[in-house]
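A.B. asks: Data file run.txt (compact mmCIF, C-alpha atoms) is appended below.
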```txt
# COMPACT_ATOMS: atom_id res chain seq x y z
CA MET A 9 13.20 -27.43 -37.53
CA VAL A 10 14.03 -25.78 -40.85
CA PHE A 11 16.14 -27.57 -43.46
CA ALA A 12 17.11 -24.66 -45.69
CA GLY A 13 18.69 -25.93 -48.88
CA GLY A 14 21.87 -27.93 -48.50
CA GLY A 15 22.24 -28.96 -52.14
CA PHE A 16 24.15 -32.24 -52.41
CA ARG A 17 25.14 -31.95 -48.74
CA PHE A 18 21.61 -32.79 -47.56
CA GLY A 19 23.01 -35.56 -45.33
CA ILE A 20 23.90 -32.92 -42.73
CA TYR A 21 20.21 -32.53 -41.88
CA LEU A 22 19.84 -36.13 -40.75
CA GLY A 23 22.66 -35.47 -38.29
CA MET A 24 21.10 -32.21 -37.12
CA TYR A 25 17.77 -33.94 -36.55
CA ALA A 26 19.44 -36.75 -34.58
CA ALA A 27 21.14 -34.13 -32.39
CA ALA A 28 17.84 -32.36 -31.72
CA CYS A 29 16.19 -35.63 -30.69
CA GLU A 30 19.10 -36.60 -28.44
CA ALA A 31 18.95 -33.18 -26.77
CA GLY A 32 15.23 -33.58 -26.02
CA ARG A 33 14.13 -31.10 -28.71
CA ALA A 34 12.61 -33.48 -31.25
CA PRO A 35 10.79 -31.27 -33.78
CA ASP A 36 7.04 -31.62 -34.30
CA ILE A 37 7.41 -30.62 -37.94
CA LEU A 38 10.19 -30.31 -40.50
CA LEU A 39 10.00 -27.35 -42.87
CA ALA A 40 12.25 -28.04 -45.83
CA SER A 41 13.35 -26.54 -49.12
CA CYS A 42 15.56 -27.74 -51.98
CA GLY A 43 18.10 -30.37 -50.88
CA GLY A 44 16.75 -30.23 -47.34
CA ALA A 45 13.49 -31.70 -48.67
CA LEU A 46 15.30 -34.97 -49.42
CA ALA A 47 16.42 -35.21 -45.81
CA ALA A 48 12.92 -34.35 -44.55
CA SER A 49 11.40 -37.09 -46.73
CA ILE A 50 13.86 -39.70 -45.44
CA ILE A 51 13.38 -38.69 -41.80
CA ALA A 52 9.60 -38.53 -42.00
CA GLY A 53 9.32 -41.79 -43.91
CA LEU A 54 11.41 -43.97 -41.59
CA PRO A 55 11.04 -44.70 -37.87
CA ASP A 56 14.57 -44.43 -36.43
CA ASP A 57 18.02 -42.98 -36.95
CA GLN A 58 19.67 -46.20 -38.10
CA SER A 59 17.10 -46.93 -40.79
CA ARG A 60 17.42 -43.34 -42.03
CA ARG A 61 21.20 -43.56 -42.25
CA ASP A 62 20.91 -46.90 -44.03
CA TRP A 63 18.57 -45.34 -46.59
CA LEU A 64 20.81 -42.31 -47.03
CA THR A 65 23.80 -44.53 -47.80
CA SER A 66 21.94 -47.21 -49.77
CA GLU A 67 22.92 -48.59 -53.17
CA ASP A 68 19.69 -47.17 -54.61
CA MET A 69 20.56 -43.63 -53.53
CA TYR A 70 24.10 -44.03 -54.83
CA ARG A 71 22.90 -45.28 -58.23
CA PHE A 72 20.39 -42.44 -58.44
CA TRP A 73 23.04 -39.76 -57.99
CA CYS A 74 25.38 -41.54 -60.37
CA GLY A 75 22.53 -41.38 -62.89
CA LEU A 76 22.76 -37.59 -63.22
CA LYS A 77 23.92 -36.82 -66.76
CA SER A 78 24.83 -33.65 -68.60
CA SER A 79 21.96 -32.27 -70.67
CA PRO A 80 22.34 -31.28 -74.35
CA ARG A 81 22.51 -27.65 -73.13
CA ALA A 82 25.47 -28.28 -70.81
CA GLY A 83 28.10 -27.10 -73.27
CA ILE A 84 30.83 -25.22 -71.39
CA VAL A 85 31.08 -22.15 -73.63
CA ARG A 86 27.32 -21.81 -73.92
CA ALA A 87 26.72 -22.19 -70.17
CA LEU A 88 29.45 -19.71 -69.28
CA ALA A 89 28.17 -17.21 -71.86
CA LEU A 90 24.65 -17.40 -70.40
CA ALA A 91 26.03 -17.00 -66.87
CA ALA A 92 28.05 -13.96 -67.99
CA LYS A 93 24.95 -12.46 -69.61
CA ARG A 94 22.99 -12.86 -66.37
CA GLY A 95 25.84 -11.17 -64.53
CA PHE A 96 25.80 -8.13 -66.82
CA LEU A 97 22.03 -7.67 -66.85
CA ARG A 98 21.03 -5.75 -63.75
CA GLU A 99 17.25 -5.81 -64.22
CA SER A 100 15.24 -8.06 -61.94
CA ALA A 101 13.60 -10.93 -63.85
CA ARG A 102 13.37 -8.92 -67.06
CA THR A 103 12.21 -11.87 -69.17
CA ILE A 104 10.29 -15.08 -68.52
CA PRO A 105 12.95 -17.76 -67.89
CA ASP A 106 13.09 -20.96 -69.91
CA LEU A 107 13.03 -23.51 -67.10
CA PHE A 108 11.89 -26.16 -69.57
CA ASN A 109 15.06 -26.26 -71.65
CA GLU A 110 17.85 -24.21 -70.05
CA TYR A 111 19.14 -26.72 -67.53
CA LEU A 112 22.47 -28.47 -67.09
CA PHE A 113 21.67 -31.98 -65.91
CA GLU A 114 19.23 -34.76 -66.69
CA ILE A 115 17.89 -36.42 -63.57
CA PRO A 116 16.68 -40.06 -63.36
CA PRO A 117 12.87 -40.33 -63.41
CA ILE A 118 12.38 -41.92 -59.99
CA LEU A 119 13.90 -40.48 -56.81
CA PRO A 120 14.33 -43.39 -54.35
CA LEU A 121 12.65 -41.98 -51.26
CA PRO A 122 10.39 -43.69 -48.70
CA ALA A 123 6.79 -43.95 -49.94
CA THR A 124 5.29 -43.77 -46.45
CA PRO A 125 1.80 -42.19 -46.35
CA ALA A 126 1.64 -38.90 -44.44
CA SER A 127 -0.61 -40.46 -41.79
CA GLU A 128 2.10 -43.01 -40.95
CA GLN A 129 5.16 -40.76 -41.01
CA SER A 130 7.36 -40.42 -37.94
CA VAL A 131 7.25 -36.61 -37.99
CA ALA A 132 5.17 -34.11 -39.96
CA SER A 133 6.76 -32.29 -42.87
CA ALA A 134 6.08 -29.19 -44.93
CA ILE A 135 8.03 -28.85 -48.16
CA VAL A 136 8.45 -25.65 -50.16
CA GLY A 137 8.22 -25.49 -53.94
CA GLY A 138 6.83 -23.15 -56.55
CA LYS A 139 4.11 -23.46 -59.19
CA LEU A 140 4.95 -21.91 -62.56
CA LEU A 141 2.44 -19.30 -63.69
CA PHE A 142 3.63 -19.37 -67.29
CA THR A 143 3.92 -21.89 -70.10
CA GLU A 144 6.88 -23.10 -72.11
CA ALA A 145 5.64 -21.12 -75.11
CA GLU A 146 5.95 -17.87 -73.10
CA ALA A 147 9.63 -18.37 -72.20
CA GLY A 148 11.81 -15.52 -73.37
CA GLN A 149 9.01 -12.95 -73.50
CA PRO A 150 9.28 -9.72 -71.49
CA ARG A 151 7.91 -10.14 -67.97
CA GLY A 152 6.87 -6.59 -67.23
CA GLN A 153 5.29 -6.62 -63.76
CA ARG A 154 3.85 -10.10 -64.16
CA LYS A 155 4.21 -12.66 -61.36
CA LEU A 156 5.75 -15.90 -62.59
CA PHE A 157 5.72 -18.21 -59.55
CA ALA A 158 3.29 -19.12 -56.79
CA GLU A 159 4.99 -20.25 -53.58
CA THR A 160 3.62 -23.71 -52.79
CA VAL A 161 3.78 -25.61 -49.51
CA PHE A 162 3.22 -29.37 -49.65
CA CYS A 163 2.02 -30.44 -46.21
CA ASP A 164 -0.58 -32.31 -44.19
CA PRO A 165 -4.03 -30.84 -43.34
CA ARG A 166 -2.96 -29.70 -39.87
CA ALA A 167 -0.08 -27.63 -41.23
CA ALA A 168 -2.31 -26.36 -44.03
CA ALA A 169 -4.83 -25.12 -41.46
CA LEU A 170 -2.07 -23.19 -39.67
CA LEU A 171 -0.94 -21.60 -42.94
CA ASP A 172 -4.42 -20.92 -44.32
CA GLY A 173 -4.72 -17.31 -45.46
CA MET A 174 -1.02 -16.54 -45.02
CA LYS A 175 0.61 -14.41 -47.70
CA SER A 176 3.99 -15.37 -49.13
CA PRO A 177 6.80 -13.94 -46.99
CA LEU A 178 8.06 -12.34 -50.20
CA ALA A 179 4.86 -10.32 -50.59
CA ASP A 180 6.47 -7.76 -48.27
CA LYS A 181 7.42 -4.67 -50.28
CA ARG A 182 10.93 -4.78 -48.82
CA TRP A 183 11.80 -7.41 -51.46
CA GLY A 184 11.00 -5.19 -54.44
CA GLU A 185 9.23 -5.93 -57.72
CA HIS A 186 10.12 -9.60 -57.92
CA ALA A 187 8.38 -12.40 -59.83
CA ILE A 188 6.69 -14.24 -56.93
CA ALA A 189 2.93 -13.99 -56.37
CA ASP A 190 1.53 -12.73 -53.07
CA ASP A 191 -0.55 -15.79 -52.20
CA ILE A 192 0.74 -19.13 -50.92
CA VAL A 193 -0.68 -22.29 -52.51
CA LEU A 194 -1.31 -25.14 -50.04
CA ASP A 195 -1.16 -28.71 -51.36
CA THR A 196 -2.21 -31.57 -49.06
CA ALA A 197 -2.59 -34.22 -51.79
CA THR A 198 0.94 -34.62 -53.18
CA ALA A 199 3.08 -37.36 -51.63
CA THR A 200 6.06 -36.22 -49.57
CA SER A 201 8.53 -38.02 -51.84
CA LEU A 202 7.15 -36.27 -54.93
CA ALA A 203 7.13 -32.92 -53.11
CA ALA A 204 10.82 -33.47 -52.32
CA ARG A 205 11.51 -34.18 -55.98
CA ILE A 206 9.76 -30.93 -56.91
CA SER A 207 11.67 -28.99 -54.27
CA ILE A 208 15.13 -29.96 -55.53
CA THR A 209 14.44 -28.43 -58.95
CA ASP A 210 16.96 -25.63 -59.23
CA MET A 211 17.07 -22.60 -61.50
CA PHE A 212 19.52 -24.03 -63.99
CA TYR A 213 20.48 -27.47 -62.67
CA PHE A 214 17.34 -29.53 -63.37
CA ARG A 215 14.29 -29.11 -65.61
CA CYS A 216 11.05 -27.96 -64.02
CA LEU A 217 8.74 -30.86 -63.10
CA SER A 218 5.29 -31.50 -64.56
CA HIS A 219 2.63 -32.90 -62.21
CA GLU A 220 -1.16 -33.08 -62.53
CA GLY A 221 -1.21 -30.69 -65.46
CA GLU A 222 0.94 -28.06 -63.70
CA ASN A 223 4.65 -27.27 -63.84
CA TYR A 224 6.69 -26.82 -60.69
CA PHE A 225 9.94 -25.19 -59.67
CA GLY A 226 12.07 -25.82 -56.60
CA GLY A 227 12.30 -24.67 -53.02
CA VAL A 228 14.98 -22.14 -53.94
CA LEU A 229 11.98 -19.84 -54.49
CA ASP A 230 11.83 -19.40 -50.68
CA LEU A 231 15.00 -21.06 -49.48
CA PHE A 232 14.87 -19.63 -45.93
CA PRO A 233 11.16 -19.73 -44.98
CA ILE A 234 11.48 -18.35 -41.47
CA GLU A 235 8.10 -16.62 -41.59
CA ILE A 236 6.36 -19.88 -42.49
CA ALA A 237 8.25 -21.63 -39.70
CA ARG A 238 6.93 -19.12 -37.18
CA GLN A 239 3.40 -19.64 -38.47
CA LEU A 240 3.73 -23.39 -37.99
CA ALA A 241 5.42 -23.54 -34.57
CA ASP A 242 6.10 -21.70 -31.32
CA GLU A 243 9.75 -22.76 -31.32
CA VAL A 244 11.99 -22.60 -34.39
CA MET A 245 15.37 -24.23 -35.00
CA MET A 246 17.23 -22.95 -38.04
CA GLU A 247 20.71 -22.59 -39.51
CA PHE A 248 23.01 -19.62 -39.79
CA LYS A 249 24.10 -19.99 -43.40
CA GLN A 250 26.93 -18.72 -45.58
CA SER A 251 26.37 -16.10 -48.27
CA PHE A 252 25.92 -16.84 -51.98
CA ASP A 253 28.66 -16.24 -54.51
CA GLN A 254 28.32 -13.05 -56.54
CA ALA A 255 29.54 -14.54 -59.83
CA PHE A 256 26.89 -17.20 -60.48
CA SER A 257 24.29 -17.60 -57.73
CA ILE A 258 23.24 -13.98 -57.22
CA PRO A 259 22.75 -13.25 -60.96
CA ALA A 260 20.65 -16.45 -61.21
CA TRP A 261 18.42 -15.34 -58.32
CA ARG A 262 18.06 -11.89 -59.87
CA SER A 263 17.33 -13.03 -63.42
CA VAL A 264 14.79 -15.75 -62.54
CA LEU A 265 13.15 -14.59 -59.30
CA GLY A 266 13.95 -10.88 -59.28
CA LEU A 267 15.40 -11.22 -55.78
CA ASP A 268 18.72 -10.46 -54.12
CA GLY A 269 19.54 -13.79 -52.50
CA ASN A 270 22.11 -12.35 -50.10
CA ALA A 271 19.76 -9.58 -48.96
CA ARG A 272 17.17 -12.22 -48.13
CA LEU A 273 19.80 -14.33 -46.37
CA ARG A 274 21.09 -11.40 -44.29
CA TYR A 275 17.55 -10.65 -43.19
CA VAL A 276 16.86 -14.25 -42.14
CA ASN A 277 20.25 -14.70 -40.44
CA GLY A 278 19.46 -11.59 -38.40
CA GLN A 279 16.07 -12.82 -37.17
CA PRO A 280 15.79 -14.32 -33.68
CA VAL A 281 15.14 -18.06 -33.49
CA ASP A 282 15.07 -20.45 -30.55
CA VAL A 283 18.03 -22.54 -31.70
CA ARG A 284 20.52 -21.27 -34.30
CA ILE A 285 22.74 -23.93 -35.88
CA ASP A 286 25.86 -22.47 -37.47
CA THR A 287 26.64 -24.20 -40.78
CA SER A 288 28.30 -21.19 -42.39
CA ASP A 289 31.56 -23.11 -42.88
CA VAL A 290 29.98 -26.16 -44.55
CA ALA A 291 31.41 -25.44 -48.01
CA ASP A 292 34.92 -25.30 -46.55
CA VAL A 293 34.71 -28.20 -44.11
CA LEU A 294 32.86 -30.44 -46.57
CA ALA A 295 34.53 -29.14 -49.72
CA LYS A 296 35.07 -32.67 -51.08
CA GLU A 297 32.05 -34.34 -49.45
CA SER A 298 29.62 -33.35 -52.21
CA ALA A 299 29.10 -33.75 -55.94
CA GLN A 300 31.89 -32.01 -57.83
CA LYS A 301 31.39 -30.07 -61.06
CA LYS A 302 33.98 -30.74 -63.76
CA LEU A 303 34.60 -28.80 -66.97
CA ASP A 304 35.19 -31.51 -69.59
CA TRP A 305 36.73 -29.38 -72.33
CA ARG A 306 37.44 -32.35 -74.59
CA HIS A 307 33.73 -33.16 -74.89
CA ASN A 308 32.50 -29.59 -74.22
CA ARG A 309 30.42 -30.64 -71.23
CA ILE A 310 29.89 -29.60 -67.63
CA ARG A 311 29.71 -32.84 -65.65
CA LEU A 312 28.87 -33.85 -62.10
CA LEU A 313 31.35 -36.22 -60.51
CA MET A 314 30.03 -38.60 -57.87
CA PRO A 315 32.14 -40.84 -55.61
CA VAL A 316 33.79 -43.59 -57.65
CA THR A 317 32.50 -46.48 -55.53
CA HIS A 318 29.54 -47.09 -53.26
CA ALA A 319 31.95 -47.33 -50.32
CA ASP A 320 33.22 -43.84 -51.12
CA TYR A 321 29.62 -42.61 -51.27
CA VAL A 322 28.89 -44.14 -47.85
CA ALA A 323 31.97 -42.42 -46.39
CA MET A 324 30.88 -39.09 -47.90
CA MET A 325 27.38 -39.32 -46.46
CA ASP A 326 28.67 -40.43 -43.07
CA THR A 327 30.94 -37.37 -43.00
CA GLN A 328 27.97 -35.14 -43.85
CA TRP A 329 25.91 -36.76 -41.07
CA GLN A 330 28.68 -36.30 -38.52
CA TYR A 331 29.08 -32.63 -39.45
CA GLY A 332 25.35 -31.99 -39.02
CA TYR A 333 25.28 -33.88 -35.73
CA ALA A 334 28.27 -31.98 -34.34
CA ARG A 335 26.91 -28.57 -35.35
CA GLY A 336 23.49 -29.52 -34.04
CA MET A 337 24.81 -30.64 -30.65
CA GLU A 338 26.87 -27.44 -30.34
CA ALA A 339 23.74 -25.38 -30.87
CA MET A 340 21.56 -27.51 -28.56
CA THR A 341 24.16 -27.38 -25.78
CA ARG A 342 24.59 -23.63 -26.16
CA GLN A 343 20.84 -23.07 -26.03
CA LYS A 344 20.44 -25.36 -23.01
CA GLU A 345 23.12 -23.41 -21.10
CA TYR A 346 21.39 -20.14 -22.03
CA ASP A 347 18.00 -21.47 -20.90
CA GLU A 348 19.42 -22.70 -17.59
CA ALA A 349 21.13 -19.36 -16.96
CA SER A 350 17.87 -17.53 -17.71
CA ILE A 351 16.02 -19.72 -15.22
CA ARG A 352 18.64 -19.11 -12.54
CA ASN A 353 18.50 -15.35 -13.09
CA ARG A 354 14.71 -15.39 -13.00
CA ASP A 355 14.76 -17.33 -9.71
CA ARG A 356 17.31 -14.94 -8.23
CA TYR A 357 15.18 -11.99 -9.26
CA SER A 358 12.04 -13.53 -7.74
CA ARG A 359 13.92 -13.97 -4.43
CA GLY A 360 15.04 -10.35 -4.43
CA MET A 361 18.70 -11.17 -5.06
CA VAL A 362 19.01 -9.01 -8.18
```
Is it possible to give me this structure as structure tokens?

C.D. replies:
Amino acid sequence: MVFAGGGFRFGIYLGMYAAACEAGRAPDILLASCGGALAASIIAGLPDDQSRRDWLTSEDMYRFWCGLKSSPRAGIVRALALAAKRGFLRESARTIPDLFNEYLFEIPPILPLPATPASEQSVASAIVGGKLLFTEAEAGQPRGQRKLFAETVFCDPRAAALLDGMKSPLADKRWGEHAIADDIVLDTATATSLAARISITDMFYFRCLSHEGENYFGGVLDLFPIEIARQLADEVMMEFKQSFDQAFSIPAWRSVLGLDGNARLRYVNGQPVDVRIDTSDVADVLAKESAQKKLDWRHNRIRLLMPVTHADYVAMMDTQWQYGYARGMEAMTRQKEYDEASIRNRDRYSRGMV
């Protein structure tokens, strides 16, 4: 089961996973990127649905999200000017991005996720991130044809063996002269909780993360890793997702990664999978059930607004869970009906009735 992104609505994935288990399709492995990595870490680290929901809605998680603060670079005029500049520049990753300083929000140092060793986790996980192939001192220099990121999968040895020798899905020439290296890096040593923290690092939301002498970027590098999913499993469950906005998201993809995010999304949405879960309306249905950005003109800051009370946070996460569960059950039921119809038709054919 692929948890592709989700942002601050990562609670939907716990509901989707619960639906898959209830329908008799419990995944053997969770492949997660960005916000979905938080859900994968919670699911893998805890033994049952109730304990996962309790963790999701805990005081610790609420305090963590309330601890997000605007960075010194989160001035409104400055941020909007940089976004406008990215929109006007049409070249793909023309310069080396400053992921060390150009970010909007400071994140608390410790992400409160289960610290369960991989050998004791309830389900295997593989989490996507990206290793930076440049230093802070090189930020702002022309990129040329240089590759800036190495796609990294944090996983257990079994998953690593299945992925051994695989090229990055983005090595395909269809994606143009982007900034992502051809080879995938496999990491079996990093804890799942730390991998999830790495994976949520966004292009301009949070600073890149330093670990073991390397710097890492988030799962947005390969937000829809369908090719990796197929390498890991015979059966794939994945979302049908909404497109990115053209004003902010697409220029960010282009300027940092050298990719067209919507072209990649259209490709993945068009690929056959065994169960397709439609979450394309999530931004509309859960418009208020997420962190809200606010332009604080008085203090010249872009701020993130979290629920005012812990009770409000619990209600928000419960709504996210219910959405994911409902969409998951719709997809599981639809696929079950299709499978049963296929079996009936096959039996009819074998008896000479068709």

A.B. asks: Where does range 135-201 of chain A meet range 47-58 of chain A within 10 Å, residue by residue, with the nearest atom pair and distance in Å to one decimal for each, counting all atoms listed in the file, listed by chain and rising number, as a Markdown table?

C.D. replies:
```
| residue | atom | partner | partner_atom | distance |
| --- | --- | --- | --- | --- |
| A:Ile135 | CA | A:Ala48 | CA | 8.2 |
| A:Ala199 | CA | A:Ser49 | CA | 9.7 |
| A:Thr200 | CA | A:Ser49 | CA | 6.1 |
| A:Ser201 | CA | A:Ser49 | CA | 5.9 |
```

A.B. asks: Excluding Arg86 in chain A and residues on its chain fewer than 5 positions from it, collect all residues at most 10 Å away from it, counting all atoms listed in the file, and give them as a list in words.

C.D. replies: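 Neighbouring residues, sequence-local ones excluded: Arg81, Ala91, Ala92, Asn308 and Arg309 of chain A.
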
A.B. asks: Quick one: of A:Leu38, A:Gly44, A:Ala339, A:Glu67, who's nearest to His318 in chain A, counting only C-alpha atoms?

C.D. replies: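 Among the listed residues, the smallest separation from His318 in chain A belongs to A:Glu67.
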
A.B. asks: Name the closest residue to Tyr25 in chain A among the candidates A:Leu294, A:Ala167, A:Met245, A:Cys42; distances are taken between atoms, counting all atoms listed in the file.

C.D. replies: A:Met245

A.B. asks: What does the structure give for the distance between CA of Ala323 in chain A and CA of Phe256 in chain A, in Å to one decimal?

C.D. replies: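 Between CA of Ala323 in chain A and CA of Phe256 in chain A the gap works out to 29.3 Å.
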
A.B. asks: Could you list, as an mmCIF file with C-alpha atoms, keeping the file's coordinate frame, every residue within 7 Å of Arg335 in chain A, counting all atoms listed in the file and ignoring same-chain residues fewer than 3 positions away?

C.D. replies:
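And here is the file that came out, part-v2.cif:
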```
data_model
loop_
_atom_site.group_PDB
_atom_site.id
_atom_site.type_symbol
_atom_site.label_atom_id
_atom_site.label_comp_id
_atom_site.auth_asym_id
_atom_site.auth_seq_id
_atom_site.Cartn_x
_atom_site.Cartn_y
_atom_site.Cartn_z
ATOM 1 C CA ILE A 285 22.740 -23.930 -35.880
ATOM 2 C CA ASP A 286 25.860 -22.470 -37.470
ATOM 3 C CA THR A 287 26.640 -24.200 -40.780
ATOM 4 C CA TYR A 331 29.080 -32.630 -39.450
ATOM 5 C CA GLY A 332 25.350 -31.990 -39.020
ATOM 6 C CA GLU A 338 26.870 -27.440 -30.340
ATOM 7 C CA ALA A 339 23.740 -25.380 -30.870
#
```

A.B. asks: Counting only C-alpha atoms, what are the residues of range 71-154 of chain A within 6 Å of range 220-231 of chain A, and for each of them which pair of atoms is the nearest and at what distance in Å, to one decimal? Sort the table by chain and rising number, as CSV.

C.D. replies:
```
residue,atom,partner,partner_atom,distance
A:Val136,CA,A:Gly227,CA,4.9
A:Gly137,CA,A:Gly227,CA,4.3
A:Gly138,CA,A:Phe225,CA,4.9
A:Lys139,CA,A:Tyr224,CA,4.5
A:Leu140,CA,A:Asn223,CA,5.5
```

A.B. asks: Hey, which of A:Phe232, A:Asp304, A:Gln149, A:Gln254 ends up closest to Arg274 in chain A? Count all atoms listed in the file.

C.D. replies: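 Selected residue with least distance to Arg274 in chain A: A:Phe232.
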
A.B. asks: Could you check how far CA of His219 in chain A sits from CA of Ala134 in chain A, in Å to one decimal?

C.D. replies: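 CA of Ala134 in chain A lies at a distance of 18.0 Å from CA of His219 in chain A.
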
A.B. asks: To one decimal place in Å, what is the distance between CA of Ile188 in chain A and CA of Ala89 in chain A?

C.D. replies: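 One can read the CA of Ile188 in chain A to CA of Ala89 in chain A distance as 26.3 Å.
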
A.B. asks: Give me the residues within 12 Å of Ile84 in chain A as a ChimeraX atom specification, counting only C-alpha atoms and dropping any in the same chain fewer than 4 places off.

C.D. replies: /A:78-80,88-91,112,301-311

A.B. asks: Filtering to C-alpha atoms, could you give me those residues as an mmCIF file, in the coordinates of the input?

C.D. replies:
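That gives us selection.cif:
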```
data_model
loop_
_atom_site.group_PDB
_atom_site.id
_atom_site.type_symbol
_atom_site.label_atom_id
_atom_site.label_comp_id
_atom_site.auth_asym_id
_atom_site.auth_seq_id
_atom_site.Cartn_x
_atom_site.Cartn_y
_atom_site.Cartn_z
ATOM 1 C CA SER A 78 24.830 -33.650 -68.600
ATOM 2 C CA SER A 79 21.960 -32.270 -70.670
ATOM 3 C CA PRO A 80 22.340 -31.280 -74.350
ATOM 4 C CA LEU A 88 29.450 -19.710 -69.280
ATOM 5 C CA ALA A 89 28.170 -17.210 -71.860
ATOM 6 C CA LEU A 90 24.650 -17.400 -70.400
ATOM 7 C CA ALA A 91 26.030 -17.000 -66.870
ATOM 8 C CA LEU A 112 22.470 -28.470 -67.090
ATOM 9 C CA LYS A 301 31.390 -30.070 -61.060
ATOM 10 C CA LYS A 302 33.980 -30.740 -63.760
ATOM 11 C CA LEU A 303 34.600 -28.800 -66.970
ATOM 12 C CA ASP A 304 35.190 -31.510 -69.590
ATOM 13 C CA TRP A 305 36.730 -29.380 -72.330
ATOM 14 C CA ARG A 306 37.440 -32.350 -74.590
ATOM 15 C CA HIS A 307 33.730 -33.160 -74.890
ATOM 16 C CA ASN A 308 32.500 -29.590 -74.220
ATOM 17 C CA ARG A 309 30.420 -30.640 -71.230
ATOM 18 C CA ILE A 310 29.890 -29.600 -67.630
ATOM 19 C CA ARG A 311 29.710 -32.840 -65.650
#
```

A.B. asks: Could you check the closest approach to Asp172 in chain A for each of A:Ile20, A:Leu119, A:Leu156, A:Val193 and tell me which residue wins, using all atoms listed in the file?

C.D. replies: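 Of the candidates, the smallest distance to Asp172 in chain A is held by A:Val193.
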
A.B. asks: Please determine the residues with any atom at most 7 Å from (10.5, -25.3, -46.0) (coordinates as given in the file, with all atoms listed in the file counting) and report them as a compact mmCIF listing (two decimals) with C-alpha atoms, in the frame of the given file.

C.D. replies:
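Once written, selection-v2.txt looks like this:
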```txt
# COMPACT_ATOMS: atom_id res chain seq x y z
CA VAL A 10 14.03 -25.78 -40.85
CA PHE A 11 16.14 -27.57 -43.46
CA ALA A 12 17.11 -24.66 -45.69
CA LEU A 39 10.00 -27.35 -42.87
CA ALA A 40 12.25 -28.04 -45.83
CA SER A 41 13.35 -26.54 -49.12
CA ALA A 134 6.08 -29.19 -44.93
CA ILE A 135 8.03 -28.85 -48.16
CA VAL A 136 8.45 -25.65 -50.16
CA PRO A 233 11.16 -19.73 -44.98
```

A.B. asks: In terms of the shortest atom-to-atom distance over all atoms listed in the file, which of A:Lys77, A:Arg166, A:Arg151, A:Arg205 is closest to Leu121 in chain A?

C.D. replies: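 Result for the nearest residue to Leu121 in chain A: A:Arg205.
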
A.B. asks: So for range 55-64 of chain A, what box centre and size do we get, axis-aligned, 4 Å extra on each of the six sides, every listed atom, Å to one decimal, as JSON?

C.D. replies:
```
{"center_x": 16.1, "center_y": -44.6, "center_z": -41.7, "size_x": 18.2, "size_y": 12.6, "size_z": 18.6}
```

A.B. asks: Between A:Glu114, A:Glu99, A:Glu30, A:Asp190, which has the minimum distance to Pro150 in chain A (counting only C-alpha atoms)?

C.D. replies: A:Glu99

A.B. asks: If we count all atoms listed in the file and set the cut-off at 9 Å, which residues sit around Arg272 in chain A, ignoring sequence neighbours fewer than 4 positions away in its own chain? Please answer as a list in words.

C.D. replies: Trp183, Phe232, Leu267, Asp268, Val276 and Asn277 of chain A

A.B. asks: Could you pull the residues within 10 Å of Ser298 in chain A, counting only C-alpha atoms, minus those fewer than 5 positions along the same chain, as JSON, numbers by chain?

C.D. replies: {"A": [15, 16, 17, 18, 19, 291, 312, 313, 314, 315, 321, 324, 325, 328]}

A.B. asks: Take range 46-53 of chain A, bring it up to N, CA, C and O atoms, and give me the output as a short mmCIF file (atom, residue, chain, number, x, y, z; two decimals), in the coordinates of the input.

C.D. replies:
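And here is the file that came out, part32.cif:
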```
data_model
loop_
_atom_site.label_atom_id
_atom_site.label_comp_id
_atom_site.auth_asym_id
_atom_site.auth_seq_id
_atom_site.Cartn_x
_atom_site.Cartn_y
_atom_site.Cartn_z
N LEU A 46 14.92 -33.56 -49.36
CA LEU A 46 15.30 -34.97 -49.42
C LEU A 46 15.49 -35.53 -48.02
O LEU A 46 15.02 -36.62 -47.70
N ALA A 47 16.20 -34.78 -47.19
CA ALA A 47 16.42 -35.21 -45.81
C ALA A 47 15.10 -35.31 -45.06
O ALA A 47 14.86 -36.27 -44.32
N ALA A 48 14.21 -34.33 -45.24
CA ALA A 48 12.92 -34.35 -44.55
C ALA A 48 12.11 -35.57 -44.96
O ALA A 48 11.44 -36.21 -44.13
N SER A 49 12.15 -35.92 -46.25
CA SER A 49 11.40 -37.09 -46.73
C SER A 49 11.94 -38.38 -46.13
O SER A 49 11.17 -39.26 -45.74
N ILE A 50 13.26 -38.50 -46.03
CA ILE A 50 13.86 -39.70 -45.44
C ILE A 50 13.53 -39.79 -43.95
O ILE A 50 13.15 -40.85 -43.44
N ILE A 51 13.66 -38.68 -43.24
CA ILE A 51 13.38 -38.69 -41.80
C ILE A 51 11.92 -39.01 -41.52
O ILE A 51 11.59 -39.85 -40.68
N ALA A 52 11.03 -38.34 -42.25
CA ALA A 52 9.60 -38.53 -42.00
C ALA A 52 9.14 -39.93 -42.38
O ALA A 52 8.23 -40.49 -41.76
N GLY A 53 9.78 -40.51 -43.40
CA GLY A 53 9.32 -41.79 -43.91
C GLY A 53 9.84 -43.01 -43.20
O GLY A 53 9.39 -44.13 -43.47
#
```
